[in-house]
>>> print(open('run_2.txt').read())   # compact mmCIF, C-alpha atoms
# COMPACT_ATOMS: atom_id res chain seq x y z
CA MET E 1 0.00 0.00 0.00
CA ILE E 2 2.63 2.54 1.07
CA ASP E 3 4.92 1.24 -1.64
CA VAL E 4 2.43 2.20 -4.33
CA ALA E 5 0.93 5.34 -2.83
CA ILE E 6 4.06 7.26 -1.84
CA PRO E 7 5.83 7.08 -5.24
CA LEU E 8 2.55 8.08 -6.88
CA PHE E 9 2.31 11.11 -4.57
CA LEU E 10 5.93 11.94 -5.42
CA VAL E 11 5.15 12.00 -9.14
CA VAL E 12 2.08 14.16 -8.57
CA CYS E 13 4.10 16.61 -6.45
CA GLY E 14 6.95 16.69 -8.97
CA ILE E 15 4.63 17.59 -11.84
CA ALA E 16 2.75 20.10 -9.71
CA VAL E 17 5.97 21.93 -8.76
CA LEU E 18 6.58 22.59 -12.43
CA LEU E 19 3.05 23.55 -13.39
CA VAL E 20 2.13 25.86 -10.51
CA LYS E 21 2.35 29.52 -11.49
CA ASP E 22 3.71 31.30 -8.43
CA LEU E 23 6.96 30.29 -6.81
CA MET E 24 5.71 30.24 -3.24
CA SER E 25 3.30 27.44 -4.06
CA SER E 26 6.15 25.62 -5.79
CA ILE E 27 8.21 25.85 -2.60
CA MET E 28 5.32 24.54 -0.52
CA ILE E 29 4.72 21.58 -2.80
CA PHE E 30 8.45 20.94 -2.81
CA SER E 31 8.53 20.79 0.98
CA VAL E 32 5.75 18.19 0.87
CA TYR E 33 7.82 16.32 -1.74
CA SER E 34 10.64 16.27 0.77
CA LEU E 35 8.33 14.87 3.47
CA LEU E 36 7.27 12.10 1.10
CA ILE E 37 10.86 11.22 0.25
CA ALA E 38 11.54 10.90 3.96
CA ILE E 39 8.65 8.42 4.32
CA GLU E 40 10.34 6.39 1.58
CA TRP E 41 13.60 6.40 3.56
CA VAL E 42 11.76 5.24 6.66
CA ARG E 43 10.12 2.52 4.60
CA LEU E 44 13.56 1.37 3.43
CA ASN E 45 14.64 1.31 7.10
CA ALA E 46 17.29 4.02 6.55
CA ILE E 47 16.46 5.96 9.69
CA ASP E 48 19.59 8.11 9.76
CA VAL E 49 18.95 9.29 6.21
CA ALA E 50 15.30 9.98 7.03
CA ILE E 51 16.23 12.16 9.98
CA THR E 52 18.68 14.11 7.79
CA GLU E 53 16.11 14.56 5.07
CA ALA E 54 13.65 15.79 7.68
CA ALA E 55 16.02 18.34 9.12
CA VAL E 56 17.67 19.62 5.95
CA GLY E 57 15.24 18.94 3.11
CA ALA E 58 11.93 19.87 4.67
CA GLY E 59 13.16 22.48 7.13
CA ILE E 60 16.26 24.48 6.37
CA SER E 61 16.03 24.44 2.58
CA THR E 62 12.38 25.53 2.68
CA VAL E 63 13.23 28.46 4.95
CA LEU E 64 16.18 29.43 2.72
CA PHE E 65 14.00 29.22 -0.41
CA MET E 66 11.51 31.53 1.26
CA ILE E 67 14.23 34.04 2.13
CA ILE E 68 15.46 34.05 -1.46
CA LEU E 69 11.86 34.46 -2.61
CA SER E 70 11.49 37.53 -0.39
CA ARG E 71 14.24 39.13 -2.48
CA THR E 72 12.70 38.40 -5.85
CA LYS E 73 9.23 38.25 -7.31
CA SER E 74 6.79 35.50 -6.63
CA VAL E 75 4.97 35.30 -9.96
CA GLU E 76 6.44 34.38 -13.32
CA GLU E 77 6.11 37.17 -15.83
CA CYS E 78 7.25 35.77 -19.11
CA LYS E 79 5.10 33.20 -20.78
CA LYS E 80 6.47 29.71 -20.76
CA SER E 81 7.66 28.56 -24.14
CA ILE E 82 8.87 25.04 -24.73
CA SER E 83 12.34 24.77 -26.18
CA ILE E 84 12.55 21.71 -28.41
CA PRO E 85 16.27 20.83 -27.81
CA ALA E 86 15.82 21.13 -24.04
CA LEU E 87 12.74 18.92 -24.18
CA LEU E 88 14.65 16.32 -26.21
CA VAL E 89 17.53 16.32 -23.72
CA ALA E 90 15.15 16.00 -20.76
CA VAL E 91 13.20 13.17 -22.35
CA GLY E 92 16.46 11.46 -23.34
CA VAL E 93 17.87 11.64 -19.80
CA ALA E 94 14.59 10.39 -18.35
CA GLY E 95 14.60 7.52 -20.83
CA VAL E 96 18.18 6.54 -19.97
CA LEU E 97 17.39 6.65 -16.23
CA LEU E 98 14.29 4.51 -16.71
CA TYR E 99 16.30 2.05 -18.80
CA GLY E 100 18.94 1.95 -16.07
CA SER E 101 16.36 1.35 -13.36
CA VAL E 102 15.36 -1.92 -15.05
CA ASP E 103 18.67 -3.43 -13.94
CA LEU E 104 18.35 -2.31 -10.31
CA PRO E 105 18.36 -5.29 -7.94
CA ASN E 106 15.31 -6.20 -5.95
CA LEU E 107 15.77 -4.56 -2.54
CA ARG E 108 14.24 -7.49 -0.65
CA ASP E 109 16.64 -10.00 -2.19
CA PRO E 110 19.24 -10.93 0.47
CA ASN E 111 21.83 -11.95 -2.16
CA ILE E 112 22.29 -8.55 -3.84
CA ALA E 113 25.71 -6.92 -3.77
CA PRO E 114 25.01 -4.23 -1.13
CA SER E 115 23.86 -6.87 1.37
CA THR E 116 26.67 -9.35 0.76
CA HIS E 117 29.72 -7.26 -0.01
CA VAL E 118 30.77 -4.67 2.59
CA SER E 119 27.91 -4.28 5.05
CA PRO E 120 28.25 -7.69 6.78
CA TYR E 121 31.78 -6.74 7.82
CA TYR E 122 30.62 -3.51 9.44
CA LEU E 123 27.59 -5.12 11.06
CA GLU E 124 29.76 -7.85 12.61
CA ASN E 125 32.73 -5.76 13.69
CA ALA E 126 31.38 -2.28 14.37
CA TYR E 127 30.38 -2.93 17.96
CA LYS E 128 33.45 -5.01 18.80
CA GLN E 129 35.93 -2.54 17.33
CA THR E 130 34.39 0.85 18.16
CA GLY E 131 31.86 0.26 20.95
CA GLN E 132 29.14 1.96 18.90
CA GLU E 133 25.73 0.30 18.94
CA ASN E 134 24.60 2.20 15.86
CA ALA E 135 26.67 0.89 12.95
CA VAL E 136 25.99 4.04 10.93
CA ALA E 137 27.63 6.19 13.62
CA ALA E 138 30.56 3.78 13.77
CA ILE E 139 31.13 4.01 10.01
CA LEU E 140 30.71 7.78 9.96
CA ALA E 141 32.93 8.61 12.90
CA SER E 142 35.42 5.78 13.06
CA TYR E 143 35.88 3.79 9.84
CA ARG E 144 35.31 6.86 7.68
CA GLY E 145 36.55 9.42 10.21
CA TYR E 146 38.75 11.24 7.69
CA ASP E 147 35.83 11.60 5.28
CA THR E 148 33.65 13.11 7.97
CA LEU E 149 36.43 15.51 8.93
CA GLY E 150 36.61 16.52 5.27
CA GLU E 151 32.85 17.01 5.09
CA THR E 152 32.79 19.14 8.22
CA THR E 153 35.60 21.28 6.85
CA VAL E 154 33.79 21.67 3.53
CA VAL E 155 30.63 22.80 5.33
CA ALA E 156 32.62 25.32 7.37
CA THR E 157 34.43 26.55 4.24
CA ALA E 158 31.09 27.08 2.50
CA ALA E 159 29.97 29.23 5.42
CA PHE E 160 33.19 31.27 5.24
CA CYS E 161 32.72 31.83 1.50
CA LEU E 162 29.17 33.00 2.14
CA ILE E 163 30.40 35.43 4.79
CA LEU E 164 33.10 36.75 2.45
CA LEU E 165 30.68 37.15 -0.44
CA LEU E 166 27.76 38.75 1.35
CA ARG E 167 29.07 40.53 4.41
CA GLY E 168 31.70 42.72 2.78
CA ARG E 169 29.16 44.20 0.41
CA ARG E 170 28.34 47.79 1.06
CA HIS E 171 25.35 49.02 -0.85
CA THR E 172 25.47 52.33 -2.64
CA ASN E 173 22.31 54.30 -3.13
CA LYS E 174 22.17 53.10 -6.70
CA ASP E 175 22.09 49.48 -5.54
CA LEU E 176 19.32 50.20 -3.09
CA LYS E 177 17.29 51.92 -5.78
CA LYS E 178 17.74 48.87 -7.96
CA TYR E 179 16.24 46.77 -5.19
CA GLU E 180 13.29 49.11 -4.92
CA ASP E 181 12.69 48.93 -8.64
CA THR E 182 12.44 45.18 -8.58
CA SER E 183 9.95 45.56 -5.73
CA ILE E 184 11.49 42.93 -3.50
CA ASN E 185 9.14 43.46 -0.66
CA LYS E 186 5.97 43.42 -2.66
CA CYS E 187 4.05 40.30 -1.87
CA THR E 188 2.00 39.35 -4.89
CA VAL E 189 0.80 35.94 -3.83
CA LYS E 190 -2.82 35.24 -4.60
CA GLY E 191 -5.07 35.63 -1.60
CA VAL E 192 -2.58 37.65 0.37
CA GLY E 193 -4.21 40.91 -0.56
CA ILE E 194 -7.09 40.12 1.78
CA LYS E 195 -6.05 41.97 4.90
CA PRO E 196 -8.11 41.39 8.04
CA THR E 197 -10.01 44.45 9.14
CA LYS E 198 -8.65 45.98 12.28
CA THR E 199 -11.12 45.61 15.11
CA SER E 200 -8.61 45.58 17.95
CA PRO E 201 -8.33 48.82 19.93
CA PRO E 202 -5.17 50.90 19.51
CA GLY E 203 -2.38 49.79 21.79
CA SER E 204 -3.04 46.09 21.41
CA GLU E 205 -1.01 46.13 18.18
CA GLN E 206 2.03 44.73 19.99
CA ASP E 207 0.14 41.71 21.21
CA LYS E 208 -0.97 40.32 17.87
CA ASP E 209 1.82 37.73 17.95
CA ILE E 210 1.21 36.71 21.53
CA ILE E 211 0.23 33.09 20.82
CA LYS E 212 3.18 32.56 18.50
CA LYS E 213 5.59 34.15 20.96
CA THR E 214 4.36 32.31 24.02
CA VAL E 215 4.39 28.93 22.29
CA THR E 216 7.89 29.51 20.94
CA LYS E 217 9.15 30.68 24.30
CA PHE E 218 8.01 27.42 25.90
CA LEU E 219 9.16 25.29 23.00
CA MET E 220 12.66 26.76 22.70
CA PRO E 221 14.40 24.85 25.54
CA PHE E 222 12.84 21.59 24.38
CA ILE E 223 14.03 22.08 20.79
CA GLN E 224 17.56 22.76 21.98
CA LEU E 225 17.51 19.91 24.47
CA PHE E 226 16.32 17.63 21.70
CA GLY E 227 19.12 18.85 19.44
CA LEU E 228 21.66 18.01 22.12
CA TYR E 229 20.00 14.63 22.62
CA VAL E 230 20.27 13.83 18.91
CA ILE E 231 23.98 14.77 18.92
CA VAL E 232 24.85 12.75 22.01
CA HIS E 233 22.52 9.86 21.25
CA GLY E 234 24.10 9.21 17.85
CA GLU E 235 25.98 6.18 19.07
CA LEU E 236 22.80 4.39 20.19
CA GLY E 237 20.05 5.47 17.83
CA PRO E 238 19.52 7.46 14.67
CA GLY E 239 21.07 10.88 14.50
CA GLY E 240 24.43 12.35 15.27
CA GLY E 241 26.35 15.56 14.86
CA PHE E 242 24.91 16.64 11.53
CA GLN E 243 21.25 16.12 12.36
CA GLY E 244 21.50 17.44 15.91
CA GLY E 245 23.42 20.47 14.70
CA VAL E 246 20.69 21.26 12.22
CA VAL E 247 18.05 21.04 14.96
CA LEU E 248 20.09 23.39 17.14
CA GLY E 249 20.47 25.82 14.26
CA VAL E 250 16.75 25.61 13.53
CA SER E 251 16.00 26.68 17.10
CA ILE E 252 17.73 30.02 16.51
CA ILE E 253 16.01 30.39 13.14
CA VAL E 254 12.60 29.82 14.77
CA TYR E 255 13.51 32.41 17.36
CA SER E 256 14.39 34.90 14.65
CA LEU E 257 11.20 34.19 12.69
CA VAL E 258 9.01 34.77 15.72
CA PHE E 259 10.77 37.43 17.76
CA GLY E 260 12.46 39.32 14.94
CA PHE E 261 15.92 39.37 13.51
CA LYS E 262 17.34 41.98 15.90
CA GLU E 263 16.17 40.08 18.97
CA ALA E 264 17.75 36.88 17.67
CA GLN E 265 21.07 38.62 17.18
CA GLN E 266 21.09 39.54 20.85
CA ARG E 267 20.75 35.86 21.73
CA MET E 268 23.29 34.61 19.21
CA SER E 269 25.52 37.40 17.99
CA VAL E 270 27.16 37.29 14.59
CA LYS E 271 30.59 37.23 16.18
CA ALA E 272 29.83 34.28 18.48
CA LYS E 273 28.38 32.36 15.56
CA ASP E 274 31.51 33.01 13.45
CA LEU E 275 33.68 31.69 16.26
CA LEU E 276 31.50 28.58 16.63
CA VAL E 277 31.84 27.71 12.91
CA SER E 278 35.57 27.31 13.23
CA SER E 279 35.68 25.99 16.80
CA GLY E 280 33.67 22.90 15.84
CA VAL E 281 36.21 21.96 13.18
CA LEU E 282 38.98 22.73 15.68
CA ILE E 283 37.49 20.30 18.21
CA TYR E 284 37.34 17.58 15.55
CA GLY E 285 40.88 18.21 14.31
CA GLY E 286 42.12 18.69 17.87
CA ILE E 287 40.95 15.23 18.93
CA GLY E 288 42.89 13.85 15.96
CA VAL E 289 46.04 15.71 17.01
CA LEU E 290 45.51 14.61 20.62
CA ALA E 291 45.57 11.00 19.42
CA LEU E 292 48.96 11.71 17.81
CA PHE E 293 50.31 12.93 21.18
CA PHE E 294 49.16 9.72 22.86
CA GLY E 295 51.15 7.70 20.34
CA GLY E 296 48.41 6.62 17.97
CA ASN E 297 47.53 7.53 14.40
CA TYR E 298 45.55 10.62 13.51
CA LEU E 299 41.98 10.18 14.80
CA GLN E 300 42.81 6.82 16.41
CA TYR E 301 40.51 7.16 19.38
CA ASN E 302 41.36 4.07 21.40
CA VAL E 303 44.74 5.41 22.60
CA LEU E 304 43.21 8.43 24.33
CA LEU E 305 42.38 6.66 27.60
CA PRO E 306 43.65 3.47 29.30
CA ASP E 307 40.48 1.53 28.45
CA PRO E 308 40.45 1.35 24.62
CA LYS E 309 36.72 0.74 24.23
CA PHE E 310 35.72 3.59 26.55
CA ALA E 311 38.29 5.84 24.88
CA SER E 312 36.77 5.05 21.51
CA ILE E 313 33.29 5.97 22.74
CA ILE E 314 34.53 9.21 24.29
CA GLY E 315 36.52 10.13 21.18
CA ILE E 316 33.55 9.58 18.88
CA LEU E 317 31.32 11.58 21.23
CA GLY E 318 33.87 14.40 21.08
CA ILE E 319 33.91 14.58 17.32
CA GLU E 320 30.10 14.34 17.16
CA ILE E 321 29.96 17.40 19.40
CA GLY E 322 32.46 19.17 17.16
CA VAL E 323 30.42 18.36 14.05
CA GLY E 324 27.25 19.47 15.83
CA ILE E 325 28.70 22.86 16.78
CA THR E 326 29.95 23.52 13.26
CA VAL E 327 26.74 22.46 11.54
CA ALA E 328 24.55 24.47 13.92
CA ALA E 329 26.68 27.57 13.39
CA VAL E 330 26.70 27.06 9.61
CA MET E 331 22.91 26.81 9.52
CA ILE E 332 22.65 30.05 11.49
CA THR E 333 25.19 31.60 9.12
CA LEU E 334 23.13 30.64 6.09
CA PHE E 335 20.10 32.29 7.66
CA TYR E 336 21.79 35.39 9.03
CA GLU E 337 23.85 36.24 5.99
CA THR E 338 21.06 35.84 3.45
CA VAL E 339 18.66 37.85 5.59
CA ARG E 340 21.16 40.55 6.45
CA ILE E 341 22.00 41.89 2.97
CA ASP E 342 19.75 44.91 3.28
CA ALA E 343 20.32 45.57 6.95
CA ASN E 344 23.99 45.96 6.18
CA GLY E 345 23.75 48.68 3.58
CA MET C 1 -6.20 -10.55 7.47
CA PHE C 2 -4.98 -7.01 7.95
CA ASN C 3 -3.74 -5.89 11.31
CA MET C 4 -4.63 -2.63 12.97
CA PHE C 5 -1.54 -0.71 11.85
CA GLU C 6 -2.08 -1.52 8.19
CA VAL C 7 -5.68 -0.38 8.31
CA ALA C 8 -4.63 2.84 10.02
CA THR C 9 -1.94 3.48 7.41
CA PHE C 10 -4.45 2.87 4.64
CA THR C 11 -6.88 5.37 6.15
CA ILE C 12 -4.21 8.02 6.58
CA ILE C 13 -3.01 7.62 3.01
CA LEU C 14 -6.57 8.06 1.82
CA SER C 15 -6.83 11.31 3.75
CA ALA C 16 -3.43 12.32 2.37
CA VAL C 17 -4.89 12.06 -1.15
CA LEU C 18 -7.52 14.65 -0.24
CA ILE C 19 -4.88 16.96 1.23
CA LEU C 20 -2.70 16.52 -1.83
CA TYR C 21 -5.61 17.65 -4.00
CA ARG C 22 -5.94 20.81 -1.90
CA LEU C 23 -2.20 21.38 -2.05
CA VAL C 24 -1.96 21.13 -5.82
CA VAL C 25 -5.25 22.81 -6.76
CA GLY C 26 -5.82 25.04 -3.72
CA PRO C 27 -6.87 28.41 -5.05
CA PHE C 28 -5.40 30.51 -2.25
CA VAL C 29 -2.08 30.50 -0.51
CA PHE C 30 -3.71 29.74 2.83
CA ASN C 31 -5.14 26.46 1.54
CA ARG C 32 -1.63 25.44 0.66
CA ILE C 33 -0.15 26.50 4.00
CA LEU C 34 -2.75 24.44 5.80
CA ALA C 35 -2.14 21.53 3.44
CA VAL C 36 1.61 21.61 4.15
CA ASN C 37 0.92 21.63 7.88
CA PHE C 38 -1.54 18.74 7.55
CA PHE C 39 0.85 16.75 5.44
CA GLY C 40 3.55 17.14 8.07
CA THR C 41 1.21 15.72 10.69
CA LYS C 42 0.22 12.82 8.44
CA THR C 43 3.88 12.10 7.71
CA VAL C 44 4.65 11.86 11.40
CA VAL C 45 1.77 9.44 11.98
CA ILE C 46 2.70 7.29 8.98
CA MET C 47 6.28 7.11 10.25
CA LEU C 48 5.19 6.01 13.69
CA LEU C 49 2.90 3.38 12.18
CA VAL C 50 5.73 2.07 10.01
CA GLY C 51 7.83 1.98 13.15
CA PHE C 52 5.24 -0.16 14.92
CA MET C 53 5.02 -2.44 11.90
CA TYR C 54 8.79 -2.92 11.96
CA GLY C 55 8.57 -3.60 15.69
CA ARG C 56 10.90 -0.88 16.94
CA PRO C 57 8.89 2.28 17.56
CA ASP C 58 11.55 3.76 19.88
CA MET C 59 13.83 4.62 16.93
CA PHE C 60 11.06 6.14 14.91
CA ILE C 61 9.87 8.44 17.68
CA ASP C 62 13.15 10.37 17.33
CA ILE C 63 12.44 11.08 13.67
CA ALA C 64 8.85 11.96 14.45
CA PHE C 65 10.09 14.60 16.89
CA VAL C 66 12.40 16.12 14.29
CA TYR C 67 9.51 16.24 11.83
CA VAL C 68 7.18 18.02 14.20
CA LEU C 69 9.81 20.66 14.98
CA ILE C 70 10.90 21.14 11.38
CA ASN C 71 7.42 21.35 9.93
CA PHE C 72 6.65 23.99 12.54
CA THR C 73 9.62 26.01 11.28
CA ALA C 74 8.62 25.73 7.63
CA VAL C 75 5.06 26.82 8.32
CA LEU C 76 6.34 29.75 10.42
CA ALA C 77 8.51 30.83 7.48
CA PHE C 78 5.55 30.68 5.08
CA LEU C 79 3.40 32.72 7.44
CA LYS C 80 6.13 35.29 8.01
CA TYR C 81 6.51 35.75 4.28
CA VAL C 82 2.78 36.11 3.74
CA GLU C 83 2.53 38.57 6.62
CA SER C 84 5.38 40.93 5.85
CA GLY C 85 7.17 39.70 2.73
CA ARG C 86 10.59 40.01 4.37
CA PHE C 87 12.63 38.28 7.04
CA ASP C 88 14.96 40.94 8.40
CA ASN C 89 12.47 42.75 10.62
>>> encode(input="run_2.txt", output="structure tokens")
Amino acid sequence: MIDVAIPLFLVVCGIAVLLVKDLMSSIMIFSVYSLLIAIEWVRLNAIDVAITEAAVGAGISTVLFMIILSRTKSVEECKKSISIPALLVAVGVAGVLLYGSVDLPNLRDPNIAPSTHVSPYYLENAYKQTGQENAVAAILASYRGYDTLGETTVVATAAFCLILLLRGRRHTNKDLKKYEDTSINKCTVKGVGIKPTKTSPPGSEQDKDIIKKTVTKFLMPFIQLFGLYVIVHGELGPGGGFQGGVVLGVSIIVYSLVFGFKEAQQRMSVKAKDLLVSSGVLIYGGIGVLALFFGGNYLQYNVLLPDPKFASIIGILGIEIGVGITVAAVMITLFYETVRIDANG
Amino acid sequence: MFNMFEVATFTIILSAVLILYRLVVGPFVFNRILAVNFFGTKTVVIMLLVGFMYGRPDMFIDIAFVYVLINFTAVLAFLKYVESGRFDN
């Protein structure tokens, strides 16, 4: 039942994203598409991937799309015309992919290459060698520790590039006028023009967000606690540094959406966030260097403490925390720097 | 014979079809916002049901939590855009 319905929904959403006229609706349908993909991951029992898709696909990317949308127009102006060569290329690629999917192995067959080749080794040895109950965390942090270090560095570098590109920009009056001409702030979505008539007495204007603010105020510690739980719990269940970091970053983004951008900057200043981006990578790299001092190889955790198994668990926990700090700070960077362009000028 | 979880999943997918119709057709932006919110809720329930069917709901509750939080964020962003059209205030 799920196996038939969810792919069908995916196709419907995919076509709808293309056909819908205004971009905001496209973004909404795309976020539902992301939710559906995550159900597929759950169905395939890939819980760690599902949790990542949830945090990044449905959450952060939707918010970032919306921010970009607030700087452009929401409705397409030019009429769509179909370009024949582009159509041919698209149909050709789709045909090749469909042809390739014929040869895909049946996922429920236990004798296919992914189930017989590498994974049995990890499943048998991961707990014995690293002390991690979740084999995914063991592969990510221990067997493929260098790769994860590389990924974390890449994420941090991307944030630095964003800061360099967007923060240094000082807007001249001409630039600002250009923005006004393209009417960035004009919201032309259908149905938005209906403004509620003001019946509230003057003075109660401040309290119109009171439900939103109160709920967020109560929710905030739980979101952050849950983010920490996902980071620390990575060795036992789904999750880890990346997913937990995203949840932590989302908590600041929610705060900014509800209480305003200025208020959020008082909680998490731009400078503190910049320091956190690099300090996470430093923690990760530092644990590697620490292992060198104790006489092991780079990122060889089991030399850090007398008991090798406990040392391995502690080492992996340390790098998960490092990854979490970096990812959280990078998510906040993405939000802050894209929102801030005007405020800077 | 179907068990309870399969019947529940079937029902929720049926309701998801209706929501999907509103999402794709929905004349106004508010229909779509509500549809996105609804779909998030349905997703969480489907995930928990799949978790029960696989016999380890404890793992799936973690994902369900992330979904609830994240969907909340996305809907807040939509509403903020509809309200003021900008994010830096």
>>> atom_distance(input="run_2.txt", atom1="atom CA of E:Thr214", atom2="atom CA of E:Leu64")
24.5 Å
>>> interface_residues(input="run_2.txt", of="chain E", to="chain C", cutoff="8 Å", atoms="all atoms listed in the file", output="ChimeraX atom specification")
/E:1-2,5,9,13,16,20,25,28-29,31-32,35-36,39,42-43,47,50-51,54-55,58-60,62-63,66-67,70-71,185-187,189-192,223,237-238,247,250,253-254,257-258,260-262,339-340,343
>>> write_last_selection(input="run_2.txt", atoms="C-alpha atoms", output="compact mmCIF listing (two decimals), in the frame of the given file")
# COMPACT_ATOMS: atom_id res chain seq x y z
CA MET E 1 0.00 0.00 0.00
CA ILE E 2 2.63 2.54 1.07
CA ALA E 5 0.93 5.34 -2.83
CA PHE E 9 2.31 11.11 -4.57
CA CYS E 13 4.10 16.61 -6.45
CA ALA E 16 2.75 20.10 -9.71
CA VAL E 20 2.13 25.86 -10.51
CA SER E 25 3.30 27.44 -4.06
CA MET E 28 5.32 24.54 -0.52
CA ILE E 29 4.72 21.58 -2.80
CA SER E 31 8.53 20.79 0.98
CA VAL E 32 5.75 18.19 0.87
CA LEU E 35 8.33 14.87 3.47
CA LEU E 36 7.27 12.10 1.10
CA ILE E 39 8.65 8.42 4.32
CA VAL E 42 11.76 5.24 6.66
CA ARG E 43 10.12 2.52 4.60
CA ILE E 47 16.46 5.96 9.69
CA ALA E 50 15.30 9.98 7.03
CA ILE E 51 16.23 12.16 9.98
CA ALA E 54 13.65 15.79 7.68
CA ALA E 55 16.02 18.34 9.12
CA ALA E 58 11.93 19.87 4.67
CA GLY E 59 13.16 22.48 7.13
CA ILE E 60 16.26 24.48 6.37
CA THR E 62 12.38 25.53 2.68
CA VAL E 63 13.23 28.46 4.95
CA MET E 66 11.51 31.53 1.26
CA ILE E 67 14.23 34.04 2.13
CA SER E 70 11.49 37.53 -0.39
CA ARG E 71 14.24 39.13 -2.48
CA ASN E 185 9.14 43.46 -0.66
CA LYS E 186 5.97 43.42 -2.66
CA CYS E 187 4.05 40.30 -1.87
CA VAL E 189 0.80 35.94 -3.83
CA LYS E 190 -2.82 35.24 -4.60
CA GLY E 191 -5.07 35.63 -1.60
CA VAL E 192 -2.58 37.65 0.37
CA ILE E 223 14.03 22.08 20.79
CA GLY E 237 20.05 5.47 17.83
CA PRO E 238 19.52 7.46 14.67
CA VAL E 247 18.05 21.04 14.96
CA VAL E 250 16.75 25.61 13.53
CA ILE E 253 16.01 30.39 13.14
CA VAL E 254 12.60 29.82 14.77
CA LEU E 257 11.20 34.19 12.69
CA VAL E 258 9.01 34.77 15.72
CA GLY E 260 12.46 39.32 14.94
CA PHE E 261 15.92 39.37 13.51
CA LYS E 262 17.34 41.98 15.90
CA VAL E 339 18.66 37.85 5.59
CA ARG E 340 21.16 40.55 6.45
CA ALA E 343 20.32 45.57 6.95
>>> atom_distance(input="run_2.txt", atom1="atom CA of E:Ile37", atom2="atom CA of E:Gln132")
27.7 Å
>>> closest_residue(input="run_2.txt", among="E:Phe293, E:Phe310, E:Tyr336, E:Tyr127", to="E:Leu166", atoms="all atoms listed in the file")
E:Tyr336
>>> atom_distance(input="run_2.txt", atom1="atom CA of E:Gly234", atom2="atom CA of E:Thr130")
13.3 Å
>>> axis_aligned_box(input="run_2.txt", around="stretch 67-78 of chain C", padding_each_side="4 Å", output="JSON")
{"center_x": 8.0, "center_y": 23.5, "center_z": 10.0, "size_x": 13.8, "size_y": 22.6, "size_z": 17.9}
